[in-house]
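Next up, model-v4.tsv (TSV, C-alpha atoms and all ligand atoms):
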```tsv
chain	number	residue	atom	x	y	z
A	16	MET	CA	2.50	33.99	1.52
A	17	SER	CA	5.25	32.82	-0.77
A	18	GLN	CA	4.44	31.73	-4.31
A	19	LEU	CA	6.66	29.01	-5.69
A	20	ASN	CA	8.65	29.69	-8.85
A	21	ASP	CA	9.20	26.67	-11.07
A	22	ASP	CA	12.90	26.72	-10.24
A	23	ILE	CA	12.32	26.12	-6.54
A	24	LYS	CA	13.36	22.54	-5.91
A	25	THR	CA	14.15	20.15	-3.10
A	26	ASN	CA	17.72	19.05	-2.39
A	27	GLY	CA	17.88	15.60	-4.00
A	28	GLN	CA	21.34	14.88	-2.65
A	29	ARG	CA	20.29	15.58	0.92
A	30	LEU	CA	17.19	13.37	0.50
A	31	TRP	CA	19.36	10.54	-0.86
A	32	HIS	CA	21.82	10.94	2.00
A	33	SER	CA	18.98	10.74	4.56
A	34	LEU	CA	17.65	7.58	2.88
A	35	GLU	CA	21.12	6.02	3.08
A	36	GLU	CA	21.55	7.02	6.72
A	37	MET	CA	18.16	5.60	7.74
A	38	ALA	CA	18.97	2.39	5.81
A	39	GLN	CA	21.95	1.77	8.08
A	40	ILE	CA	19.51	1.01	10.91
A	41	GLY	CA	18.62	-2.64	10.39
A	42	ALA	CA	20.89	-2.94	7.33
A	43	THR	CA	21.11	-6.51	5.99
A	44	ALA	CA	24.12	-8.25	4.43
A	45	LYS	CA	22.41	-8.28	1.03
A	46	GLY	CA	21.95	-4.49	1.02
A	47	GLY	CA	18.36	-4.34	2.22
A	48	CYS	CA	16.71	-3.47	5.51
A	49	ASN	CA	15.21	-5.39	8.42
A	50	ARG	CA	13.52	-2.71	10.52
A	51	GLN	CA	10.34	-4.50	11.50
A	52	THR	CA	7.74	-2.63	13.47
A	53	LEU	CA	8.24	-2.08	17.23
A	54	THR	CA	11.70	-3.70	17.30
A	55	ASP	CA	14.81	-1.96	18.69
A	56	GLU	CA	15.71	-1.06	15.11
A	57	ASP	CA	12.31	0.57	14.63
A	58	ARG	CA	12.88	2.55	17.85
A	59	LYS	CA	16.27	3.76	16.54
A	60	GLY	CA	14.77	4.70	13.18
A	61	ARG	CA	11.97	6.62	14.89
A	62	GLN	CA	14.43	8.47	17.15
A	63	LEU	CA	16.57	9.45	14.18
A	64	PHE	CA	13.49	10.72	12.32
A	65	ALA	CA	12.26	12.64	15.40
A	66	ASN	CA	15.71	14.25	15.87
A	67	TRP	CA	15.83	15.31	12.24
A	68	CYS	CA	12.33	16.80	12.50
A	69	GLN	CA	13.18	18.71	15.68
A	70	GLN	CA	16.36	20.05	14.07
A	71	ALA	CA	14.15	21.27	11.22
A	72	GLY	CA	12.04	23.20	13.73
A	73	MET	CA	9.09	20.79	13.83
A	74	THR	CA	7.11	19.67	16.88
A	75	VAL	CA	6.78	15.89	17.17
A	76	THR	CA	3.80	14.28	18.88
A	77	VAL	CA	2.91	10.59	19.11
A	78	ASP	CA	-0.53	9.00	19.42
A	79	SER	CA	-1.38	5.86	21.38
A	80	MET	CA	-0.81	3.61	18.32
A	81	GLY	CA	2.72	5.03	17.99
A	82	ASN	CA	1.85	7.08	14.89
A	83	MET	CA	4.26	10.05	14.75
A	84	PHE	CA	3.21	13.57	13.67
A	85	ALA	CA	5.93	16.19	12.99
A	86	LEU	CA	4.33	19.62	12.60
A	87	ARG	CA	5.71	22.66	10.76
A	88	ALA	CA	3.68	25.72	11.76
A	89	GLY	CA	1.67	27.68	9.23
A	90	SER	CA	0.82	31.39	9.32
A	91	GLU	CA	-2.75	30.50	10.33
A	92	PRO	CA	-2.29	27.95	13.12
A	93	SER	CA	-6.03	27.39	13.55
A	94	LEU	CA	-6.24	25.74	10.08
A	95	ALA	CA	-5.93	21.95	9.77
A	96	PRO	CA	-2.56	20.90	8.31
A	97	ILE	CA	-1.70	19.31	4.96
A	98	ALA	CA	-0.14	15.92	5.68
A	99	ILE	CA	2.67	14.02	3.95
A	100	GLY	CA	3.14	10.49	5.23
A	101	SER	CA	4.09	6.85	4.83
A	102	HIS	CA	5.92	4.29	7.00
A	103	LEU	CA	9.43	3.66	8.34
A	104	ASP	CA	8.91	-0.04	9.16
A	105	THR	CA	10.11	-2.70	6.69
A	106	GLN	CA	9.63	-6.34	5.81
A	107	PRO	CA	12.12	-8.80	7.42
A	108	THR	CA	13.96	-8.93	4.09
A	109	GLY	CA	12.80	-5.51	2.95
A	110	GLY	CA	14.31	-2.75	0.87
A	111	LYS	CA	15.54	0.74	1.69
A	112	TYR	CA	12.77	2.72	0.00
A	113	ASP	CA	9.36	1.08	0.51
A	114	GLY	CA	7.62	3.53	2.86
A	115	VAL	CA	10.82	5.25	3.99
A	116	LEU	CA	10.93	7.33	0.81
A	117	GLY	CA	7.53	8.88	1.58
A	118	VAL	CA	8.40	9.86	5.16
A	119	LEU	CA	11.87	11.23	4.40
A	120	THR	CA	10.60	13.11	1.34
A	121	GLY	CA	8.24	14.93	3.72
A	122	LEU	CA	11.23	15.84	5.84
A	123	GLU	CA	13.22	17.00	2.79
A	124	ILE	CA	10.31	19.19	1.69
A	125	VAL	CA	10.25	20.94	5.09
A	126	ARG	CA	14.05	21.33	5.09
A	127	SER	CA	13.85	22.92	1.62
A	128	MET	CA	11.01	25.20	2.69
A	129	ASN	CA	13.01	26.34	5.74
A	130	GLU	CA	16.10	27.06	3.63
A	131	GLN	CA	14.16	29.01	1.03
A	132	ASN	CA	11.96	30.84	3.55
A	133	ILE	CA	8.76	29.38	2.14
A	134	THR	CA	5.75	29.96	4.37
A	135	THR	CA	2.25	28.52	4.09
A	136	ARG	CA	-1.17	29.39	5.51
A	137	ARG	CA	-1.85	25.86	6.66
A	138	PRO	CA	0.66	23.96	8.79
A	139	ILE	CA	2.37	20.94	7.23
A	140	VAL	CA	2.65	17.65	9.11
A	141	ILE	CA	4.88	14.66	8.32
A	142	ILE	CA	3.41	11.33	9.48
A	143	ASN	CA	5.08	7.98	10.20
A	144	TRP	CA	2.32	5.32	10.45
A	145	THR	CA	3.10	2.38	12.74
A	146	ASN	CA	3.14	-1.18	11.34
A	147	GLU	CA	2.22	-0.65	7.71
A	148	GLU	CA	3.92	-3.88	6.69
A	149	GLY	CA	2.04	-6.31	8.94
A	150	ALA	CA	4.96	-8.76	8.73
A	151	ARG	CA	5.42	-8.91	12.51
A	152	PHE	CA	1.86	-8.05	13.60
A	153	ALA	CA	-0.87	-8.89	11.05
A	154	PRO	CA	-2.84	-7.27	9.49
A	155	PRO	CA	-0.90	-4.67	7.46
A	156	MET	CA	-1.77	-0.95	7.64
A	157	LEU	CA	-2.80	-1.57	11.24
A	158	SER	CA	-2.36	1.90	12.74
A	159	SER	CA	-3.62	3.91	9.78
A	160	GLY	CA	-6.53	1.46	9.98
A	161	VAL	CA	-7.20	2.44	13.61
A	162	PHE	CA	-6.81	6.14	12.66
A	163	ALA	CA	-9.48	5.66	9.96
A	164	GLY	CA	-11.83	3.67	12.21
A	165	VAL	CA	-11.36	0.35	10.37
A	166	TYR	CA	-10.06	-1.37	13.55
A	167	THR	CA	-10.47	-0.51	17.23
A	168	LYS	CA	-7.37	0.45	19.17
A	169	ASP	CA	-7.95	-2.27	21.78
A	170	TRP	CA	-8.19	-4.98	19.13
A	171	ALA	CA	-5.05	-3.67	17.39
A	172	LYS	CA	-3.06	-3.62	20.64
A	173	ARG	CA	-3.88	-7.28	21.27
A	174	ARG	CA	-2.26	-8.45	18.00
A	175	ILE	CA	0.44	-11.03	18.77
A	176	ASP	CA	3.75	-11.67	16.96
A	177	PHE	CA	5.33	-15.12	16.35
A	178	ASP	CA	7.06	-14.99	19.76
A	179	GLY	CA	3.86	-14.23	21.66
A	180	HIS	CA	4.56	-10.52	22.29
A	181	SER	CA	1.59	-8.22	21.92
A	182	PHE	CA	1.59	-5.01	19.87
A	183	GLY	CA	0.61	-3.04	23.01
A	184	GLU	CA	3.51	-4.40	25.12
A	185	GLU	CA	6.05	-3.83	22.37
A	186	LEU	CA	4.83	-0.29	21.68
A	187	GLN	CA	5.27	0.45	25.40
A	188	ARG	CA	8.70	-1.24	25.48
A	189	ILE	CA	10.17	0.90	22.69
A	190	GLY	CA	8.78	4.06	24.33
A	191	PHE	CA	6.37	5.09	21.60
A	192	ASN	CA	3.02	4.56	23.34
A	193	GLY	CA	2.11	8.22	22.93
A	194	SER	CA	-0.52	10.20	24.76
A	195	GLU	CA	-2.44	11.65	21.79
A	196	PRO	CA	-5.80	10.03	20.97
A	197	VAL	CA	-5.79	8.03	17.71
A	198	GLY	CA	-7.75	9.48	14.79
A	199	LYS	CA	-8.26	12.90	16.35
A	200	TYR	CA	-5.35	14.70	14.68
A	201	PRO	CA	-7.04	17.20	12.34
A	202	LEU	CA	-5.90	16.76	8.72
A	203	HIS	CA	-7.09	18.89	5.80
A	204	ALA	CA	-5.56	16.61	3.15
A	205	TYR	CA	-3.14	13.67	2.99
A	206	TYR	CA	-0.45	12.92	0.36
A	207	GLU	CA	1.68	9.79	0.16
A	208	PHE	CA	4.75	9.36	-2.07
A	209	HIS	CA	5.74	5.71	-2.54
A	210	ILE	CA	7.75	3.51	-4.86
A	211	GLU	CA	5.50	1.88	-7.46
A	212	GLN	CA	6.33	-1.72	-6.44
A	213	GLY	CA	5.44	-2.67	-10.00
A	214	PRO	CA	7.08	-2.48	-13.45
A	215	ILE	CA	4.90	0.01	-15.37
A	216	LEU	CA	6.65	3.39	-14.88
A	217	GLU	CA	10.14	2.05	-15.58
A	218	ALA	CA	8.93	0.15	-18.67
A	219	GLU	CA	7.27	3.32	-20.02
A	220	ASN	CA	10.30	5.45	-19.13
A	221	LEU	CA	8.31	7.83	-16.90
A	222	ASP	CA	9.40	9.81	-13.83
A	223	ILE	CA	6.08	10.05	-12.01
A	224	GLY	CA	2.85	8.10	-11.51
A	225	ILE	CA	-0.16	10.02	-10.25
A	226	VAL	CA	-2.36	7.51	-8.47
A	227	THR	CA	-6.07	8.02	-9.03
A	228	HIS	CA	-7.39	4.77	-7.57
A	229	GLY	CA	-6.41	1.98	-5.23
A	230	GLN	CA	-7.35	-1.46	-6.46
A	231	GLY	CA	-9.97	-3.46	-4.59
A	232	PHE	CA	-9.96	-7.23	-4.36
A	233	LEU	CA	-12.22	-10.14	-3.67
A	234	TRP	CA	-11.01	-13.60	-2.67
A	235	LEU	CA	-12.99	-16.81	-3.14
A	236	ASP	CA	-12.46	-20.36	-1.95
A	237	VAL	CA	-13.88	-22.83	-4.46
A	238	SER	CA	-14.58	-26.49	-3.78
A	239	VAL	CA	-15.63	-29.02	-6.44
A	240	GLN	CA	-16.91	-32.42	-5.31
A	241	GLY	CA	-16.83	-35.34	-7.78
A	242	LYS	CA	-16.27	-39.03	-7.25
A	243	GLU	CA	-13.01	-40.93	-6.89
A	244	SER	CA	-12.87	-43.97	-9.15
A	245	HIS	CA	-10.44	-46.09	-11.18
A	246	SER	CA	-8.79	-44.21	-14.03
A	247	GLY	CA	-8.64	-47.36	-16.20
A	248	SER	CA	-12.05	-48.88	-15.77
A	249	THR	CA	-14.35	-45.81	-15.55
A	250	PRO	CA	-15.58	-44.81	-19.05
A	251	MET	CA	-15.30	-41.11	-19.89
A	252	PRO	CA	-19.08	-40.40	-19.93
A	253	MET	CA	-19.50	-41.97	-16.48
A	254	ARG	CA	-16.83	-39.96	-14.67
A	255	LYS	CA	-17.25	-37.25	-12.06
A	256	ASP	CA	-13.82	-35.71	-12.49
A	257	ALA	CA	-13.47	-32.73	-10.14
A	258	LEU	CA	-10.08	-31.66	-11.54
A	259	ALA	CA	-11.27	-31.63	-15.16
A	260	ALA	CA	-14.05	-29.25	-14.09
A	261	ALA	CA	-11.67	-27.13	-12.01
A	262	ALA	CA	-9.38	-26.81	-15.04
A	263	GLN	CA	-12.23	-25.30	-17.07
A	264	MET	CA	-13.13	-22.97	-14.21
A	265	ILE	CA	-9.52	-21.79	-13.86
A	266	THR	CA	-9.49	-20.96	-17.57
A	267	THR	CA	-12.62	-18.84	-17.09
A	268	VAL	CA	-10.85	-16.81	-14.34
A	269	LYS	CA	-8.19	-15.77	-16.83
A	270	GLN	CA	-10.74	-15.05	-19.56
A	271	ILE	CA	-12.99	-13.00	-17.27
A	272	ALA	CA	-10.02	-10.83	-16.21
A	273	LEU	CA	-8.99	-10.34	-19.87
A	274	ASP	CA	-12.58	-9.40	-20.78
A	275	HIS	CA	-12.47	-6.58	-18.20
A	276	GLY	CA	-8.99	-5.37	-19.16
A	277	PRO	CA	-6.73	-3.54	-18.98
A	278	ASP	CA	-7.32	-2.82	-15.28
A	279	ALA	CA	-8.76	-6.18	-14.19
A	280	VAL	CA	-6.61	-9.07	-12.95
A	281	GLY	CA	-7.67	-12.58	-11.98
A	282	THR	CA	-5.49	-15.26	-10.39
A	283	VAL	CA	-5.79	-18.85	-9.22
A	284	GLY	CA	-2.73	-19.12	-6.99
A	285	TYR	CA	-3.58	-22.18	-4.93
A	286	ILE	CA	-4.99	-25.57	-5.90
A	287	HIS	CA	-5.35	-28.85	-4.05
A	288	SER	CA	-6.54	-32.03	-5.72
A	289	SER	CA	-7.55	-35.14	-3.81
A	290	PRO	CA	-6.43	-37.87	-3.63
A	291	ASN	CA	-3.70	-36.57	-6.02
A	292	SER	CA	-2.95	-40.03	-7.31
A	293	ARG	CA	-1.86	-40.89	-10.87
A	294	ASN	CA	-4.48	-43.60	-11.48
A	295	THR	CA	-7.46	-42.27	-9.49
A	296	ILE	CA	-10.01	-39.83	-10.91
A	297	PRO	CA	-9.84	-36.74	-8.66
A	298	GLY	CA	-12.80	-36.72	-6.25
A	299	GLU	CA	-12.35	-33.30	-4.73
A	300	VAL	CA	-10.55	-30.14	-5.78
A	301	THR	CA	-10.26	-26.88	-3.86
A	302	PHE	CA	-8.70	-23.73	-5.28
A	303	SER	CA	-8.51	-19.99	-4.63
A	304	VAL	CA	-9.66	-17.12	-6.86
A	305	ASP	CA	-8.35	-13.54	-6.54
A	306	PHE	CA	-10.15	-10.85	-8.60
A	307	ARG	CA	-8.92	-7.22	-8.54
A	308	HIS	CA	-10.10	-4.00	-10.15
A	309	PRO	CA	-10.27	-0.28	-9.26
A	310	THR	CA	-14.09	-0.27	-9.21
A	311	GLN	CA	-16.40	-2.40	-7.09
A	312	GLU	CA	-18.95	-2.79	-9.93
A	313	VAL	CA	-16.42	-4.63	-12.07
A	314	ILE	CA	-15.26	-6.81	-9.17
A	315	ASP	CA	-18.92	-7.74	-8.56
A	316	LEU	CA	-19.46	-8.41	-12.27
A	317	MET	CA	-16.40	-10.63	-12.54
A	318	THR	CA	-17.47	-12.56	-9.45
A	319	ALA	CA	-21.03	-13.05	-10.71
A	320	ASN	CA	-19.71	-14.13	-14.10
A	321	PHE	CA	-17.35	-16.67	-12.52
A	322	ASN	CA	-20.15	-18.03	-10.30
A	323	ALA	CA	-22.51	-18.48	-13.27
A	324	GLN	CA	-19.95	-20.16	-15.53
A	325	SER	CA	-18.78	-22.45	-12.72
A	326	GLN	CA	-22.36	-23.53	-12.00
A	327	THR	CA	-22.85	-24.40	-15.67
A	328	ILE	CA	-19.57	-26.36	-15.86
A	329	CYS	CA	-20.33	-28.38	-12.71
A	330	LYS	CA	-23.97	-28.98	-13.65
A	331	GLU	CA	-23.03	-30.43	-17.03
A	332	LEU	CA	-20.56	-32.81	-15.34
A	333	GLY	CA	-22.85	-33.68	-12.42
A	334	LEU	CA	-20.51	-32.22	-9.82
A	335	HIS	CA	-21.28	-30.45	-6.56
A	336	LEU	CA	-19.90	-26.90	-6.28
A	337	THR	CA	-19.42	-24.54	-3.33
A	338	ILE	CA	-18.00	-21.02	-3.65
A	339	GLN	CA	-17.23	-19.01	-0.53
A	340	GLN	CA	-16.05	-15.43	-0.25
A	341	VAL	CA	-13.13	-15.37	2.21
A	342	SER	CA	-11.90	-11.79	2.05
A	343	ALA	CA	-12.49	-8.49	0.24
A	344	PHE	CA	-11.15	-4.96	0.14
A	345	GLU	CA	-13.20	-2.18	-1.46
A	346	PRO	CA	-11.46	-0.12	-4.16
A	347	VAL	CA	-10.40	3.42	-3.30
A	348	LYS	CA	-11.02	6.48	-5.46
A	349	PHE	CA	-8.56	9.18	-4.47
A	350	ASN	CA	-9.70	12.78	-4.04
A	351	ASP	CA	-10.05	14.77	-7.30
A	352	SER	CA	-8.70	18.00	-5.85
A	353	ASN	CA	-5.62	16.28	-4.35
A	354	VAL	CA	-4.98	14.49	-7.65
A	355	ASP	CA	-5.28	17.83	-9.42
A	356	TYR	CA	-2.64	19.47	-7.20
A	357	LEU	CA	-0.26	16.62	-8.08
A	358	ARG	CA	-1.10	16.81	-11.80
A	359	GLN	CA	-0.59	20.59	-11.96
A	360	ALA	CA	2.74	20.39	-10.11
A	361	THR	CA	3.97	17.58	-12.38
A	362	GLN	CA	3.01	19.50	-15.54
A	363	LYS	CA	4.50	22.76	-14.22
A	364	LEU	CA	7.83	21.04	-13.53
A	365	ASN	CA	7.75	19.24	-16.89
A	366	TYR	CA	8.12	15.67	-15.70
A	367	ASN	CA	6.94	12.72	-17.79
A	368	TYR	CA	4.02	11.09	-16.03
A	369	ARG	CA	0.97	8.92	-16.34
A	370	GLU	CA	-2.10	8.42	-14.20
A	371	MET	CA	-2.34	4.97	-12.70
A	372	ILE	CA	-3.85	2.61	-10.18
A	373	SER	CA	-2.15	1.26	-7.09
A	374	GLY	CA	-2.01	-2.52	-7.17
A	375	ALA	CA	-0.72	-2.76	-3.59
A	376	GLY	CA	-2.33	-1.64	-0.33
A	377	HIS	CA	-1.01	1.53	1.34
A	378	ASP	CA	-1.78	3.60	4.44
A	379	ALA	CA	-3.32	6.10	1.99
A	380	CYS	CA	-6.03	3.54	1.12
A	381	TYR	CA	-7.36	3.69	4.70
A	382	ILE	CA	-6.70	7.40	5.29
A	383	ALA	CA	-8.74	8.13	2.12
A	384	ARG	CA	-11.82	7.02	4.09
A	385	VAL	CA	-11.52	9.97	6.49
A	386	VAL	CA	-9.31	12.62	4.84
A	387	PRO	CA	-9.07	13.81	1.18
A	388	THR	CA	-6.11	11.75	-0.08
A	389	ALA	CA	-3.96	11.06	-3.14
A	390	MET	CA	-0.72	9.23	-3.92
A	391	LEU	CA	2.34	9.76	-6.06
A	392	PHE	CA	4.56	6.92	-7.35
A	393	CYS	CA	8.14	6.84	-8.57
A	394	PRO	CA	9.49	3.94	-10.65
A	395	CYS	CA	11.46	1.11	-9.04
A	396	VAL	CA	14.00	-1.00	-10.92
A	397	GLY	CA	12.44	-4.14	-12.37
A	398	GLY	CA	9.28	-3.48	-10.36
A	399	LEU	CA	11.00	-5.26	-7.49
A	400	SER	CA	9.84	-4.61	-3.91
A	401	HIS	CA	9.56	-6.50	-0.59
A	402	ASN	CA	13.06	-7.61	-1.54
A	403	GLU	CA	16.50	-6.64	-0.27
A	404	GLU	CA	17.48	-5.76	-3.82
A	405	GLU	CA	14.73	-3.13	-4.12
A	406	LYS	CA	16.26	-0.19	-5.98
A	407	ILE	CA	15.36	3.29	-7.20
A	408	LEU	CA	17.43	5.97	-8.91
A	409	PRO	CA	18.20	9.23	-7.06
A	410	GLN	CA	16.67	11.31	-9.87
A	411	TRP	CA	13.34	9.45	-9.46
A	412	ALA	CA	13.25	10.30	-5.74
A	413	THR	CA	14.12	13.92	-6.50
A	414	ALA	CA	11.40	14.25	-9.15
A	415	GLY	CA	8.74	13.01	-6.74
A	416	ALA	CA	10.01	15.25	-3.95
A	417	ASN	CA	9.86	18.30	-6.24
A	418	VAL	CA	6.32	17.49	-7.38
A	419	LEU	CA	5.16	16.95	-3.82
A	420	LEU	CA	6.81	20.19	-2.64
A	421	HIS	CA	4.91	22.21	-5.25
A	422	ALA	CA	1.63	20.35	-4.75
A	423	VAL	CA	1.71	20.60	-0.97
A	424	VAL	CA	2.70	24.28	-0.85
A	425	SER	CA	-0.11	25.13	-3.32
A	426	ALA	CA	-2.60	23.10	-1.29
A	427	ALA	CA	-1.43	24.67	1.97
A	428	ASN	CA	-1.81	28.20	0.59
A	429	ALA	CA	-5.13	27.71	-1.23
A	430	ILE	CA	-8.10	29.73	-0.01
A	431	ASP	CA	-10.80	27.09	0.38
A	501	ZN	ZN	5.02	0.54	1.71
```
Any chance you could put this one into structure tokens?
Amino acid sequence: MSQLNDDIKTNGQRLWHSLEEMAQIGATAKGGCNRQTLTDEDRKGRQLFANWCQQAGMTVTVDSMGNMFALRAGSEPSLAPIAIGSHLDTQPTGGKYDGVLGVLTGLEIVRSMNEQNITTRRPIVIINWTNEEGARFAPPMLSSGVFAGVYTKDWAKRRIDFDGHSFGEELQRIGFNGSEPVGKYPLHAYYEFHIEQGPILEAENLDIGIVTHGQGFLWLDVSVQGKESHSGSTPMPMRKDALAAAAQMITTVKQIALDHGPDAVGTVGYIHSSPNSRNTIPGEVTFSVDFRHPTQEVIDLMTANFNAQSQTICKELGLHLTIQQVSAFEPVKFNDSNVDYLRQATQKLNYNYREMISGAGHDACYIARVVPTAMLFCPCVGGLSHNEEEKILPQWATAGANVLLHAVVSAANAID
């Protein structure tokens, strides 16, 4: 088994070149990418990736959700592989790096290992998950969701796009309705390298983010019922002003999030006031609440706190209140041992890093339910993502690729 010296690195230039070449498929006039899932562009991107993997000596198989698995053999083929994965699909006005970076970094790691004759006990597999973005077929992370048992395959295949095409038909049409059963591919551990999609790493001048948790969220719909009446002739003590109450409640959302800082966030992003007339006291207001935090206990606490304060506000003003939970996603705690492999590799290679939480959803958040998982972030300029102007620097991609190479080879050679 080969041990990795600190000076063993990936080829950053080759990785950058592969990113540029993939970005030509579905390239947009503004310099981004439109390679939405199960389109002809997606098919071309998948074929390019499969060709590259085969040229690097890997065996590519496809499951019946179109998830692609490119396997590099280990010296002990009976052991479950270490996986590196992400997604090649993009938003309609997407960037060149969201998802693509993680898949092509996996490829670069294997190419570097081949060149430098690095062998591992466990095989290594590069995964391209189908339809992470959810832009064409909602919900996002659809196929990693089926792999993890969150959705059934039949339900997923019936998802319909805006033109009435189903996921199942389109998967068949582009020739990626594979024969392997979904969720059966044995994985010992899963690693995902992704752009941060936020501003923290760049602002702190760091190369690497080691992701320890994925944020959970809880969404509420709030409705306050008051009474419409004349704004001139109704004395202040006799009003049932739904918007005045909603204003107080919205202020509590911000305060509750600040009280649970620095990791908590709380947002009211939507509000509708009725009748929305200058000289009528608002009779009904509905608004949304979005609470997020890396632990469920805090999300529950924030929600309970908001409920209690809202009840008090509405009671004092004689208003009727209803609060409904409309959606929720449980936080993810990534695997300690995976995180440790990433931490050790980052320290060994002397990169500046911090540990952090993922604010966005990723395939890794579902895979973590069934396979020991962790994530690595690189900075992105201005925190901009889901945007054609999404940008990273080549040295950021290279740093992440080097860390992942060392982490994955150590994990694949460990006796455990
Ligand atoms: Zn992504």
Handout entry: Contacts with ligand ZN 501 (chain A) at most 12 Å, all atoms listed in the file counted, listed as number ranges by chain
Key = A: 100-106, 109-118, 143-150, 155-156, 207-212, 373-380, 390, 392, 400-402, 405
Practice task
Could you give me, as JSON, numbers by chain, the residues that have an atom at most 6 Å away from the point (21.1, -5.2, -2.7) in the coordinates of the file, using all atoms listed in the file?
Solution key: {"A": [45, 46, 47, 403, 404]}
Check which residues of range 141-175 of chain A sit at most 10 Å from range 179-194 of chain A using all atoms listed in the file, and return one row each with the closest pair of atoms and their distance in Å to one decimal, ordered by chain and rising number, as CSV.
```
residue,atom,partner,partner_atom,distance
A:Thr145,CA,A:Leu186,CA,9.5
A:Asn146,CA,A:Phe182,CA,9.5
A:Arg151,CA,A:Phe182,CA,9.2
A:Phe152,CA,A:Phe182,CA,7.0
A:Ala153,CA,A:Phe182,CA,9.9
A:Lys168,CA,A:Gly183,CA,9.5
A:Asp169,CA,A:Gly183,CA,8.7
A:Trp170,CA,A:Phe182,CA,9.8
A:Ala171,CA,A:Phe182,CA,7.2
A:Lys172,CA,A:Gly183,CA,4.4
A:Arg173,CA,A:Ser181,CA,5.6
A:Arg174,CA,A:Phe182,CA,5.5
A:Ile175,CA,A:Ser181,CA,4.4
```
Completion exercise
In Å and to one decimal, CA of Gln28 in chain A is distant from CA of Thr227 in chain A by 29.0 Å
Handout entry: 10 Å contact set for Thr134 in chain A, all atoms listed in the file, chain neighbours under 2 positions out, as a PyMOL selection string
Key = chain A and resi 16-18+87-90+128-129+131-132+136-138+424+427-428
Handout entry: Contacts of range 247-249 of chain A within 9 Å, all atoms listed in the file, excl. fewer than 6 positions in-chain, as a count of residues only
Key = 3
Exercise for the section: Go through A:Gly198, A:Gly231, A:Pro107, A:Pro252 one by one, measure the shortest atom-to-atom distance of each to Ser342 in chain A using all atoms listed in the file, and give the residue with the smallest value. Expected result: A:Gly231
Exercise for the section: With a distance cut-off of 9 Å and all atoms listed in the file, select the neighbouring residues of range 324-329 of chain A, excluding the residue or stretch itself and same-chain residues fewer than 6 positions from it, and output the selection as a ChimeraX atom specification. Expected result: /A:239,257,260-261,263-264,267,335-336
Practice task
Step by step: start from the point (-14.7, -40.4, -5.6) in the file's coordinates, keep every protein, DNA or RNA residue that has an atom no farther than 7 Å from it, count all atoms listed in the file, and write the set as an MDAnalysis selection string.
Solution key: chainID A and resid 241:244 297:298
Practice task
Using CA of Ala71 in chain A and CA of Ser159 in chain A as the two end points, give the distance in Å to one decimal.
Solution key: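 Taking CA of Ala71 in chain A as the start and CA of Ser159 in chain A as the end point, the length is 24.9 Å.
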Handout entry: Selection near Val280 in chain A, 7 Å with all atoms listed in the file, sequence-local residues under 3 positions removed, as a ChimeraX atom specification
Key = /A:272,306-308
Problem - Shell of 9 Å around Phe302 in chain A, all atoms listed in the file, local chain residues under 2 positions omitted, as number ranges by chain - result: A: 235-239, 261, 265, 283-288, 300, 304
Handout entry: For CA of Pro214 in chain A and CA of Cys393 in chain A, the interatomic separation in Å (one decimal)
Key =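 Between these atoms lies a distance of 10.6 Å.
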Problem - Minimum-distance residue to Glu331 in chain A, chosen among A:Lys255, A:Arg369, A:Arg358, A:His275 (using all atoms listed in the file) - result: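 When distances to Glu331 in chain A are compared using all atoms listed in the file, the smallest one comes from A:Lys255.
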Handout entry: Option closest in space to Val226 in chain A, from A:Leu273, A:Val347, A:Leu316, A:Val140 [counting all atoms listed in the file]
Key = A:Val347
Practice task
Considering all atoms listed in the file, state which residue in the set A:Ala95, A:Ala412, A:Val396, A:Ile124 is at the smallest distance from Asp431 in chain A.
Solution key: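 Closest to Asp431 in chain A, using all atoms listed in the file: A:Ala95.
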Practice task
Can you work out which one of A:Glu370, A:Asp55, A:Asp78, A:Asp351 has the shortest atom-to-atom distance to Leu391 in chain A, counting only C-alpha atoms?
Solution key: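 Using only C-alpha atoms, Leu391 in chain A sits closest to A:Glu370.
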Exercise for the section: Identify which of the residues A:Gly72, A:Val386, A:Asp178, A:Thr108 lies closest to Tyr200 in chain A, counting all atoms listed in the file when measuring atom-to-atom distances. Expected result: A:Val386
